[in-house]
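The file structure25.cif contains mmCIF, C-alpha atoms:
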```cif
data_start
#
loop_
_atom_site.group_PDB
_atom_site.id
_atom_site.type_symbol
_atom_site.label_atom_id
_atom_site.label_comp_id
_atom_site.auth_asym_id
_atom_site.auth_seq_id
_atom_site.Cartn_x
_atom_site.Cartn_y
_atom_site.Cartn_z
ATOM 1 C CA MET A 153 74.769 124.596 -98.888
ATOM 2 C CA GLN A 154 71.716 122.405 -98.502
ATOM 3 C CA GLU A 155 71.415 118.815 -99.669
ATOM 4 C CA ARG A 156 68.062 117.683 -100.984
ATOM 5 C CA GLY A 157 68.174 114.039 -101.972
ATOM 6 C CA THR A 158 70.997 113.784 -104.480
ATOM 7 C CA PHE A 159 70.817 117.431 -105.535
ATOM 8 C CA LEU A 160 72.927 120.221 -104.107
ATOM 9 C CA VAL A 161 71.476 123.709 -103.823
ATOM 10 C CA SER A 162 74.018 126.495 -103.474
ATOM 11 C CA GLU A 163 73.481 130.100 -102.573
ATOM 12 C CA SER A 164 75.155 132.873 -104.533
ATOM 13 C CA THR A 165 78.296 134.195 -102.906
ATOM 14 C CA GLY A 166 77.454 137.667 -104.136
ATOM 15 C CA TRP A 167 80.283 138.423 -106.540
ATOM 16 C CA ASP A 168 78.155 137.692 -109.647
ATOM 17 C CA ARG A 169 74.866 139.358 -108.674
ATOM 18 C CA ARG A 170 75.401 142.350 -110.953
ATOM 19 C CA LEU A 171 77.367 140.482 -113.587
ATOM 20 C CA SER A 172 76.252 141.025 -117.178
ATOM 21 C CA VAL A 173 77.534 139.997 -120.599
ATOM 22 C CA ALA A 174 78.162 142.604 -123.286
ATOM 23 C CA ALA A 175 79.605 142.497 -126.800
ATOM 24 C CA ASP A 176 80.525 146.169 -127.213
ATOM 25 C CA GLY A 177 84.273 145.556 -126.804
ATOM 26 C CA LYS A 178 84.595 147.975 -123.875
ATOM 27 C CA ALA A 179 86.056 147.402 -120.408
ATOM 28 C CA LEU A 180 87.311 143.968 -121.360
ATOM 29 C CA ILE A 181 89.447 141.843 -119.029
ATOM 30 C CA GLY A 182 91.860 139.067 -119.832
ATOM 31 C CA HIS A 183 91.076 135.413 -119.116
ATOM 32 C CA ALA A 184 87.326 135.901 -119.395
ATOM 33 C CA GLY A 185 86.888 132.139 -119.047
ATOM 34 C CA ALA A 186 87.665 132.495 -115.346
ATOM 35 C CA VAL A 187 84.106 133.739 -114.837
ATOM 36 C CA LEU A 188 82.613 130.484 -116.120
ATOM 37 C CA LEU A 189 84.957 128.368 -114.011
ATOM 38 C CA ARG A 190 84.174 130.295 -110.828
ATOM 39 C CA LYS A 191 80.430 130.259 -111.522
ATOM 40 C CA LEU A 192 80.592 126.513 -112.186
ATOM 41 C CA ALA A 193 82.180 125.924 -108.778
ATOM 42 C CA ASP A 194 79.523 128.068 -107.103
ATOM 43 C CA ARG A 195 76.497 126.750 -108.997
ATOM 44 C CA THR A 196 77.376 123.080 -108.468
ATOM 45 C CA GLY A 197 77.765 123.655 -104.740
ATOM 46 C CA LEU A 198 81.496 122.947 -104.691
ATOM 47 C CA THR A 199 82.534 126.275 -103.163
ATOM 48 C CA SER A 200 80.023 126.140 -100.318
ATOM 49 C CA ALA A 201 80.667 122.439 -99.682
ATOM 50 C CA LEU A 202 84.428 123.027 -99.408
ATOM 51 C CA ALA A 203 83.716 125.633 -96.727
ATOM 52 C CA GLY A 204 82.589 122.826 -94.456
ATOM 53 C CA ALA A 205 85.739 120.799 -95.071
ATOM 54 C CA LEU A 206 88.374 123.506 -94.660
ATOM 55 C CA PRO A 207 89.431 125.380 -91.501
ATOM 56 C CA GLN A 208 87.292 128.378 -90.617
ATOM 57 C CA GLY A 209 88.191 131.616 -88.890
ATOM 58 C CA ALA A 210 87.028 135.135 -88.238
ATOM 59 C CA GLY A 211 88.424 138.616 -87.903
ATOM 60 C CA PHE A 212 89.837 141.340 -90.083
ATOM 61 C CA GLY A 213 91.730 140.030 -93.108
ATOM 62 C CA TRP A 214 90.481 136.435 -92.808
ATOM 63 C CA ARG A 215 89.853 134.890 -96.210
ATOM 64 C CA ASP A 216 87.336 132.126 -96.787
ATOM 65 C CA ARG A 217 89.536 129.067 -97.351
ATOM 66 C CA ALA A 218 87.031 127.542 -99.797
ATOM 67 C CA VAL A 219 87.268 130.627 -101.990
ATOM 68 C CA VAL A 220 91.073 130.506 -101.721
ATOM 69 C CA VAL A 221 91.119 126.940 -103.031
ATOM 70 C CA VAL A 222 88.653 127.628 -105.851
ATOM 71 C CA GLN A 223 90.514 130.760 -106.932
ATOM 72 C CA LEU A 224 93.796 128.840 -106.932
ATOM 73 C CA ALA A 225 92.241 126.135 -109.138
ATOM 74 C CA VAL A 226 90.986 128.795 -111.568
ATOM 75 C CA ALA A 227 94.447 130.391 -111.690
ATOM 76 C CA ILE A 228 96.082 127.027 -112.427
ATOM 77 C CA VAL A 229 93.682 126.377 -115.297
ATOM 78 C CA LEU A 230 94.552 129.808 -116.688
ATOM 79 C CA GLY A 231 98.259 128.980 -116.674
ATOM 80 C CA ALA A 232 99.672 129.751 -113.218
ATOM 81 C CA VAL A 233 102.657 127.536 -112.394
ATOM 82 C CA ASN A 234 103.407 128.836 -108.888
ATOM 83 C CA LEU A 235 101.725 130.790 -106.094
ATOM 84 C CA SER A 236 103.186 134.094 -107.262
ATOM 85 C CA ASP A 237 101.608 133.563 -110.690
ATOM 86 C CA ALA A 238 98.292 132.774 -109.023
ATOM 87 C CA GLU A 239 98.419 135.991 -107.011
ATOM 88 C CA GLN A 240 99.216 138.070 -110.089
ATOM 89 C CA MET A 241 96.408 136.517 -112.112
ATOM 90 C CA GLN A 242 93.907 137.177 -109.361
ATOM 91 C CA ALA A 243 95.087 140.792 -109.207
ATOM 92 C CA HIS A 244 93.769 141.221 -112.758
ATOM 93 C CA HIS A 245 90.317 140.099 -111.547
ATOM 94 C CA GLN A 246 89.995 142.186 -108.385
ATOM 95 C CA GLY A 247 87.034 144.080 -109.769
ATOM 96 C CA LEU A 248 85.253 140.792 -110.430
ATOM 97 C CA PHE A 249 86.154 138.392 -107.632
ATOM 98 C CA GLY A 250 87.186 140.792 -104.901
ATOM 99 C CA PRO A 251 90.511 141.318 -103.097
ATOM 100 C CA THR A 252 93.480 139.297 -104.297
ATOM 101 C CA VAL A 253 94.473 136.241 -102.275
ATOM 102 C CA SER A 254 98.147 136.633 -101.349
ATOM 103 C CA ASP A 255 100.609 133.843 -102.004
ATOM 104 C CA SER A 256 101.269 133.560 -98.248
ATOM 105 C CA THR A 257 97.550 133.034 -97.529
ATOM 106 C CA THR A 258 97.372 130.379 -100.220
ATOM 107 C CA ARG A 259 100.475 128.683 -98.825
ATOM 108 C CA ARG A 260 98.983 128.584 -95.315
ATOM 109 C CA THR A 261 95.762 127.131 -96.724
ATOM 110 C CA LEU A 262 97.634 124.340 -98.463
ATOM 111 C CA ALA A 263 99.798 123.677 -95.404
ATOM 112 C CA ALA A 264 96.666 123.102 -93.299
ATOM 113 C CA MET A 265 95.507 120.250 -95.555
ATOM 114 C CA ASP A 266 96.506 117.193 -93.533
ATOM 115 C CA GLU A 267 95.196 113.680 -94.165
ATOM 116 C CA ARG A 268 91.966 114.387 -92.277
ATOM 117 C CA VAL A 269 91.205 117.516 -94.288
ATOM 118 C CA LEU A 270 92.122 115.835 -97.578
ATOM 119 C CA ALA A 271 89.701 113.004 -96.769
ATOM 120 C CA LYS A 272 86.938 115.571 -96.215
ATOM 121 C CA ILE A 273 87.762 117.273 -99.513
ATOM 122 C CA ALA A 274 87.632 113.911 -101.314
ATOM 123 C CA ALA A 275 84.181 113.258 -99.830
ATOM 124 C CA VAL A 276 83.018 116.708 -100.977
ATOM 125 C CA ARG A 277 84.314 116.116 -104.491
ATOM 126 C CA ALA A 278 82.518 112.770 -104.700
ATOM 127 C CA ARG A 279 79.234 114.268 -103.470
ATOM 128 C CA VAL A 280 79.350 117.201 -105.887
ATOM 129 C CA ARG A 281 80.384 114.909 -108.760
ATOM 130 C CA ARG A 282 77.333 112.731 -108.111
ATOM 131 C CA HIS A 283 75.139 115.823 -108.502
ATOM 132 C CA VAL A 284 76.942 116.986 -111.667
ATOM 133 C CA TRP A 285 76.751 113.540 -113.294
ATOM 134 C CA SER A 286 73.034 113.366 -112.565
ATOM 135 C CA GLN A 287 72.649 116.667 -114.403
ATOM 136 C CA LEU A 288 74.723 115.389 -117.341
ATOM 137 C CA ALA A 289 72.408 112.413 -117.666
ATOM 138 C CA LEU A 290 69.453 114.800 -118.057
ATOM 139 C CA ARG A 291 70.965 116.555 -121.089
ATOM 140 C CA PRO A 292 69.472 115.944 -124.538
ATOM 141 C CA GLY A 293 72.498 113.836 -125.424
ATOM 142 C CA GLY A 294 72.584 112.108 -122.049
ATOM 143 C CA PHE A 295 75.756 111.109 -120.197
ATOM 144 C CA PRO A 296 78.832 111.099 -122.484
ATOM 145 C CA TRP A 297 79.442 107.409 -123.071
ATOM 146 C CA LEU A 298 82.757 106.678 -124.760
ATOM 147 C CA THR A 299 83.122 105.318 -128.298
ATOM 148 C CA VAL A 300 86.003 102.877 -128.847
ATOM 149 C CA ALA A 301 86.748 101.349 -132.260
ATOM 150 C CA GLY A 302 83.399 102.576 -133.541
ATOM 151 C CA LYS A 303 81.423 100.956 -130.697
ATOM 152 C CA VAL A 304 79.593 102.970 -128.050
ATOM 153 C CA LEU A 305 80.400 101.633 -124.587
ATOM 154 C CA HIS A 306 76.928 102.299 -123.204
ATOM 155 C CA ARG A 307 76.857 102.573 -119.394
ATOM 156 C CA TRP A 308 80.619 101.893 -119.155
ATOM 157 C CA VAL A 309 82.696 104.334 -117.109
ATOM 158 C CA VAL A 310 86.248 104.376 -118.510
ATOM 159 C CA ILE A 311 89.150 105.167 -116.161
ATOM 160 C CA ASP A 312 92.575 105.948 -117.624
ATOM 161 C CA MET A 313 95.640 105.732 -115.384
ATOM 162 C CA ASP A 314 99.019 107.189 -116.260
ATOM 163 C CA ALA A 315 102.080 108.788 -114.680
ATOM 164 C CA THR A 316 104.022 111.767 -115.954
ATOM 165 C CA ILE A 317 107.307 113.517 -115.274
ATOM 166 C CA ILE A 318 107.204 117.129 -114.058
ATOM 167 C CA THR A 319 110.649 118.708 -114.008
ATOM 168 C CA ALA A 320 111.828 121.127 -111.331
ATOM 169 C CA ALA A 321 114.540 123.753 -111.708
ATOM 170 C CA SER A 322 115.490 123.732 -108.022
ATOM 171 C CA LYS A 323 115.481 121.466 -104.964
ATOM 172 C CA LYS A 324 111.793 121.762 -104.183
ATOM 173 C CA LEU A 325 110.121 119.652 -101.518
ATOM 174 C CA GLY A 326 109.700 116.111 -102.852
ATOM 175 C CA ALA A 327 111.748 116.664 -105.988
ATOM 176 C CA SER A 328 114.360 114.047 -106.838
ATOM 177 C CA ALA A 329 116.060 112.324 -109.750
ATOM 178 C CA THR A 330 113.683 110.506 -112.107
ATOM 179 C CA TRP A 331 114.086 107.319 -114.118
ATOM 180 C CA LYS A 332 114.277 109.459 -117.255
ATOM 181 C CA LYS A 333 117.448 111.073 -115.902
ATOM 182 C CA THR A 334 115.698 114.362 -115.166
ATOM 183 C CA TYR A 335 114.940 116.039 -111.846
ATOM 184 C CA GLY A 336 111.492 116.730 -110.437
ATOM 185 C CA PHE A 337 108.302 114.844 -109.635
ATOM 186 C CA HIS A 338 106.537 111.727 -110.890
ATOM 187 C CA PRO A 339 102.780 112.011 -110.096
ATOM 188 C CA LEU A 340 100.376 109.192 -110.901
ATOM 189 C CA ALA A 341 96.807 110.102 -111.873
ATOM 190 C CA ALA A 342 93.490 108.542 -112.849
ATOM 191 C CA TRP A 343 91.094 110.277 -115.223
ATOM 192 C CA CYS A 344 87.513 109.615 -116.267
ATOM 193 C CA ALA A 345 87.690 109.395 -120.069
ATOM 194 C CA ASN A 346 83.929 109.988 -120.372
ATOM 195 C CA THR A 347 84.065 113.468 -118.840
ATOM 196 C CA SER A 348 87.830 114.279 -118.899
ATOM 197 C CA GLU A 349 87.759 114.740 -115.101
ATOM 198 C CA CYS A 350 90.748 114.014 -112.897
ATOM 199 C CA LEU A 351 89.396 111.517 -110.374
ATOM 200 C CA ALA A 352 92.559 111.057 -108.320
ATOM 201 C CA MET A 353 96.195 112.117 -108.334
ATOM 202 C CA TRP A 354 99.130 111.138 -106.157
ATOM 203 C CA LEU A 355 101.906 113.732 -106.078
ATOM 204 C CA ARG A 356 104.844 111.323 -105.859
ATOM 205 C CA THR A 357 108.545 112.117 -105.688
ATOM 206 C CA GLY A 358 110.622 111.984 -108.839
ATOM 207 C CA SER A 359 112.206 108.678 -107.825
ATOM 208 C CA ALA A 360 108.820 106.888 -107.664
ATOM 209 C CA GLY A 361 108.659 103.828 -109.869
ATOM 210 C CA SER A 362 106.667 103.531 -113.080
ATOM 211 C CA ASN A 363 105.170 100.098 -112.420
ATOM 212 C CA THR A 364 104.908 100.017 -108.623
ATOM 213 C CA VAL A 365 101.837 97.895 -107.855
ATOM 214 C CA ALA A 366 101.081 99.546 -104.507
ATOM 215 C CA ASP A 367 100.978 102.989 -106.143
ATOM 216 C CA HIS A 368 98.594 101.848 -108.867
ATOM 217 C CA LEU A 369 96.320 100.210 -106.300
ATOM 218 C CA HIS A 370 96.292 103.358 -104.152
ATOM 219 C CA VAL A 371 95.351 105.692 -107.016
ATOM 220 C CA LEU A 372 92.830 103.230 -108.442
ATOM 221 C CA GLY A 373 91.097 102.981 -105.058
ATOM 222 C CA GLU A 374 90.911 106.769 -104.762
ATOM 223 C CA ALA A 375 89.521 107.006 -108.309
ATOM 224 C CA LEU A 376 86.833 104.366 -107.785
ATOM 225 C CA ALA A 377 85.715 106.189 -104.638
ATOM 226 C CA GLN A 378 85.036 109.249 -106.799
ATOM 227 C CA VAL A 379 82.760 107.434 -109.256
ATOM 228 C CA PRO A 380 79.086 107.810 -108.225
ATOM 229 C CA GLY A 381 77.591 104.535 -106.994
ATOM 230 C CA ALA A 382 74.990 104.274 -109.750
ATOM 231 C CA SER A 383 77.775 104.455 -112.352
ATOM 232 C CA THR A 384 80.005 101.660 -110.997
ATOM 233 C CA ALA A 385 78.147 98.707 -112.526
ATOM 234 C CA LYS A 386 80.480 98.640 -115.540
ATOM 235 C CA ILE A 387 84.074 99.867 -115.220
ATOM 236 C CA LEU A 388 86.816 99.743 -117.850
ATOM 237 C CA VAL A 389 90.331 100.537 -116.593
ATOM 238 C CA ARG A 390 93.033 101.404 -119.134
ATOM 239 C CA VAL A 391 96.727 101.587 -118.193
ATOM 240 C CA ASP A 392 99.866 101.777 -120.310
ATOM 241 C CA GLY A 393 102.677 99.222 -120.146
ATOM 242 C CA ALA A 394 103.520 100.255 -116.557
ATOM 243 C CA GLY A 395 100.301 98.578 -115.439
ATOM 244 C CA ALA A 396 101.237 95.171 -116.856
ATOM 245 C CA THR A 397 101.869 93.614 -113.442
ATOM 246 C CA HIS A 398 100.372 90.510 -111.846
ATOM 247 C CA GLY A 399 99.447 92.447 -108.710
ATOM 248 C CA LEU A 400 97.352 95.048 -110.532
ATOM 249 C CA HIS A 401 95.750 92.527 -112.891
ATOM 250 C CA GLU A 402 94.763 90.212 -110.049
ATOM 251 C CA HIS A 403 93.308 93.122 -108.071
ATOM 252 C CA LEU A 404 91.265 94.295 -111.058
ATOM 253 C CA ARG A 405 90.022 90.749 -111.619
ATOM 254 C CA ASP A 406 88.966 90.454 -107.982
ATOM 255 C CA LEU A 407 86.941 93.695 -108.191
ATOM 256 C CA ASN A 408 84.290 91.824 -110.170
ATOM 257 C CA THR A 409 81.138 91.023 -108.199
ATOM 258 C CA MET A 410 77.575 89.973 -108.941
ATOM 259 C CA ARG A 411 76.669 93.669 -109.262
ATOM 260 C CA ARG A 412 79.835 95.074 -110.825
ATOM 261 C CA THR A 413 81.737 94.169 -113.979
ATOM 262 C CA VAL A 414 85.343 95.338 -114.238
ATOM 263 C CA ARG A 415 87.381 94.968 -117.404
ATOM 264 C CA PHE A 416 90.910 96.222 -118.016
ATOM 265 C CA THR A 417 93.544 96.637 -120.686
ATOM 266 C CA THR A 418 97.251 97.306 -120.252
ATOM 267 C CA GLY A 419 99.721 97.918 -123.050
ATOM 268 C CA TRP A 420 101.132 100.485 -125.409
ATOM 269 C CA THR A 421 100.905 101.696 -128.985
ATOM 270 C CA ILE A 422 103.324 100.185 -131.487
ATOM 271 C CA THR A 423 105.288 103.114 -132.940
ATOM 272 C CA GLU A 424 107.098 103.514 -136.248
ATOM 273 C CA GLU A 425 110.404 103.002 -134.404
ATOM 274 C CA ASP A 426 109.096 99.698 -133.053
ATOM 275 C CA GLU A 427 108.069 98.591 -136.556
ATOM 276 C CA LYS A 428 111.565 99.291 -137.846
ATOM 277 C CA ALA A 429 113.111 97.422 -134.922
ATOM 278 C CA ILE A 430 110.901 94.387 -135.520
ATOM 279 C CA ALA A 431 111.962 94.321 -139.170
ATOM 280 C CA LYS A 432 115.621 94.160 -138.107
ATOM 281 C CA LEU A 433 115.150 91.031 -135.989
ATOM 282 C CA PRO A 434 116.723 87.895 -137.513
ATOM 283 C CA GLU A 435 114.802 84.622 -137.593
ATOM 284 C CA THR A 436 117.081 83.257 -134.881
ATOM 285 C CA ALA A 437 115.903 85.963 -132.444
ATOM 286 C CA TRP A 438 112.414 84.454 -132.192
ATOM 287 C CA GLU A 439 111.635 81.797 -129.595
ATOM 288 C CA THR A 440 108.474 79.928 -128.691
ATOM 289 C CA SER A 441 106.631 81.715 -125.907
ATOM 290 C CA ILE A 442 105.609 80.045 -122.652
ATOM 291 C CA ARG A 443 102.431 80.106 -120.618
ATOM 292 C CA GLN A 444 102.291 81.202 -116.983
ATOM 293 C CA ASP A 445 102.676 77.574 -115.877
ATOM 294 C CA GLY A 446 105.933 77.286 -117.855
ATOM 295 C CA SER A 447 104.629 75.120 -120.689
ATOM 296 C CA LEU A 448 105.348 76.008 -124.324
ATOM 297 C CA GLN A 449 102.664 78.004 -126.202
ATOM 298 C CA GLU A 450 102.976 76.621 -129.724
ATOM 299 C CA GLY A 451 102.171 79.039 -132.547
ATOM 300 C CA TYR A 452 103.315 82.092 -130.562
ATOM 301 C CA GLN A 453 106.823 83.495 -130.537
ATOM 302 C CA VAL A 454 108.623 86.230 -128.649
ATOM 303 C CA ALA A 455 111.703 88.353 -129.292
ATOM 304 C CA GLU A 456 113.681 90.998 -127.412
ATOM 305 C CA LEU A 457 113.841 94.539 -128.844
ATOM 306 C CA THR A 458 116.100 96.145 -126.243
ATOM 307 C CA GLY A 459 118.724 98.231 -127.997
ATOM 308 C CA LEU A 460 117.027 98.004 -131.382
ATOM 309 C CA ASN A 461 114.207 100.519 -131.022
ATOM 310 C CA THR A 462 115.226 104.137 -130.527
ATOM 311 C CA LEU A 463 112.988 104.518 -127.467
ATOM 312 C CA GLU A 464 115.100 101.922 -125.616
ATOM 313 C CA ARG A 465 112.023 100.220 -124.177
ATOM 314 C CA ARG A 466 112.013 96.557 -123.238
ATOM 315 C CA ARG A 467 109.266 94.789 -125.186
ATOM 316 C CA VAL A 468 108.439 91.125 -125.494
ATOM 317 C CA LEU A 469 106.158 90.667 -128.486
ATOM 318 C CA PRO A 470 103.941 87.586 -128.843
ATOM 319 C CA VAL A 471 103.469 86.848 -132.540
ATOM 320 C CA PRO A 472 100.954 84.189 -133.637
ATOM 321 C CA GLY A 473 102.329 81.877 -136.322
ATOM 322 C CA GLY A 474 105.942 82.886 -135.767
ATOM 323 C CA GLY A 475 108.133 85.107 -137.923
ATOM 324 C CA ARG A 476 108.179 88.881 -137.923
ATOM 325 C CA GLY A 477 105.041 90.766 -137.036
ATOM 326 C CA ARG A 478 103.298 93.059 -134.612
ATOM 327 C CA GLY A 479 102.771 92.106 -131.010
#
```
When written as structure tokens, how does the structure in this file appear?
Amino acid sequence: MQERGTFLVSESTGWDRRLSVAADGKALIGHAGAVLLRKLADRTGLTSALAGALPQGAGFGWRDRAVVVVQLAVAIVLGAVNLSDAEQMQAHHQGLFGPTVSDSTTRRTLAAMDERVLAKIAAVRARVRRHVWSQLALRPGGFPWLTVAGKVLHRWVVIDMDATIITAASKKLGASATWKKTYGFHPLAAWCANTSECLAMWLRTGSAGSNTVADHLHVLGEALAQVPGASTAKILVRVDGAGATHGLHEHLRDLNTMRRTVRFTTGWTITEEDEKAIAKLPETAWETSIRQDGSLQEGYQVAELTGLNTLERRRVLPVPGGGRGRG
């Protein structure tokens, strides 16, 4: 790979030199979309750039670790949920991509990714993303700015943060009981809503908290490092109710500088169950809300919904003017 200014130039790895597209319905293979994914990784320079970040070797049977990682990513997109699935899917594409990468080779590749290697991979991802975003800006439609409530957020990069529960059927490494009374993992991720890219993900244990400030700060920092410098002038961060903490809000506020504007929103969507629960609240359940300094905030009232809404979520709803209403 060669870097020329902000553009990456990648050389063909050879597998697609005689590739052609036909519509005669003969010699078809399953998961044809894998070709586009693999070519995208090669053409953007990702495959060749990863080669410089991953361990290298030589000798009979040695597999290029960059190709191993890219092929694993393609297999995951196509539905693989474990290394055995990934090996089987690649077996279907031997005539296209070459010899299948065994699950043991993939496991050794992943095991070699310590903190130093992961930092190199993150730097590669950021560099390639800068190139890809520059190409997106040159399209007829330009960079995909997000539209919210009918308004185009021109030159705003929107980052969504959220955690999810991934269940495990056995005692896998890092799996533990979750707050939803299941067993598995609780990763926290940040996505770019403009391009639907995963900017950062932390593969946490199942017992990890939903609103742990340190975790949100860690993932947010990793995500911001992935946003190209020219695109960081305006950032909008969106988090669900788990992000409604003083620590995260204060950090987001302090990210504002003379050259960068950071806005954020934390909350949740009022559901039909919540509406029904609000309607059940008696007048005596509402109390005048207070400001952060402890003084009364006249005209705004709060009430507790715990036990009334079927989702069993604790919600304190500020309602202007008092009475029943939506928070």
- request: Can you work out the spacing between CA of Gln242 (chain A) and CA of Leu202 (chain A) in Å, to one decimal?
  value: 19.7 Å
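In this comparison, which uses all atoms listed in the file, the residue of A:Thr334, A:Ser359, A:Ser447, A:Thr418 approaching Thr397 (chain A) most closely is A:Thr418.
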message: I'd like the interatomic distance between CA of Val284 (chain A) and CA of Leu188 (chain A), to a tenth of an Å.
response: 15.3 Å
query: Just so the selection is clear, what residues does the PyMOL selection byres ((chain A and resi 223-229) around 12) cover here, as number ranges by chain?
result: A: 183-194, 199, 215-222, 230-246, 248-255, 257-259, 261-262
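In terms of minimum interatomic distance to Thr316 (chain A), A:Leu355 ranks closest within A:Leu355, A:Val300, A:Val379, A:Leu288, counting all atoms listed in the file.
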Proximity of region 326-389 of chain A to region 305-314 of chain A: per-residue shortest pair, 7 Å limit, only C-alpha atoms, as JSON lines:
```
{"residue": "A:Leu340", "atom": "CA", "partner": "A:Asp314", "partner_atom": "CA", "distance": 5.9}
{"residue": "A:Ala341", "atom": "CA", "partner": "A:Asp314", "partner_atom": "CA", "distance": 5.7}
{"residue": "A:Ala342", "atom": "CA", "partner": "A:Met313", "partner_atom": "CA", "distance": 4.4}
{"residue": "A:Trp343", "atom": "CA", "partner": "A:Asp312", "partner_atom": "CA", "distance": 5.2}
{"residue": "A:Cys344", "atom": "CA", "partner": "A:Ile311", "partner_atom": "CA", "distance": 4.7}
{"residue": "A:Ala345", "atom": "CA", "partner": "A:Val310", "partner_atom": "CA", "distance": 5.4}
{"residue": "A:Asn346", "atom": "CA", "partner": "A:Val310", "partner_atom": "CA", "distance": 6.4}
{"residue": "A:Ser383", "atom": "CA", "partner": "A:Val309", "partner_atom": "CA", "distance": 6.8}
{"residue": "A:Lys386", "atom": "CA", "partner": "A:Trp308", "partner_atom": "CA", "distance": 4.9}
{"residue": "A:Ile387", "atom": "CA", "partner": "A:Val309", "partner_atom": "CA", "distance": 5.0}
{"residue": "A:Leu388", "atom": "CA", "partner": "A:Val310", "partner_atom": "CA", "distance": 4.7}
{"residue": "A:Val389", "atom": "CA", "partner": "A:Ile311", "partner_atom": "CA", "distance": 4.8}
```
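Put simply, the PyMOL selection byres ((chain A and resi 331) around 8) in this file takes in Ala329, Thr330, Lys332, Lys333, Thr334, Gly358, Ser359 and Gly361 of chain A.
In this structure, CA of Leu198 (chain A) sits 20.4 Å away from CA of Ala382 (chain A).
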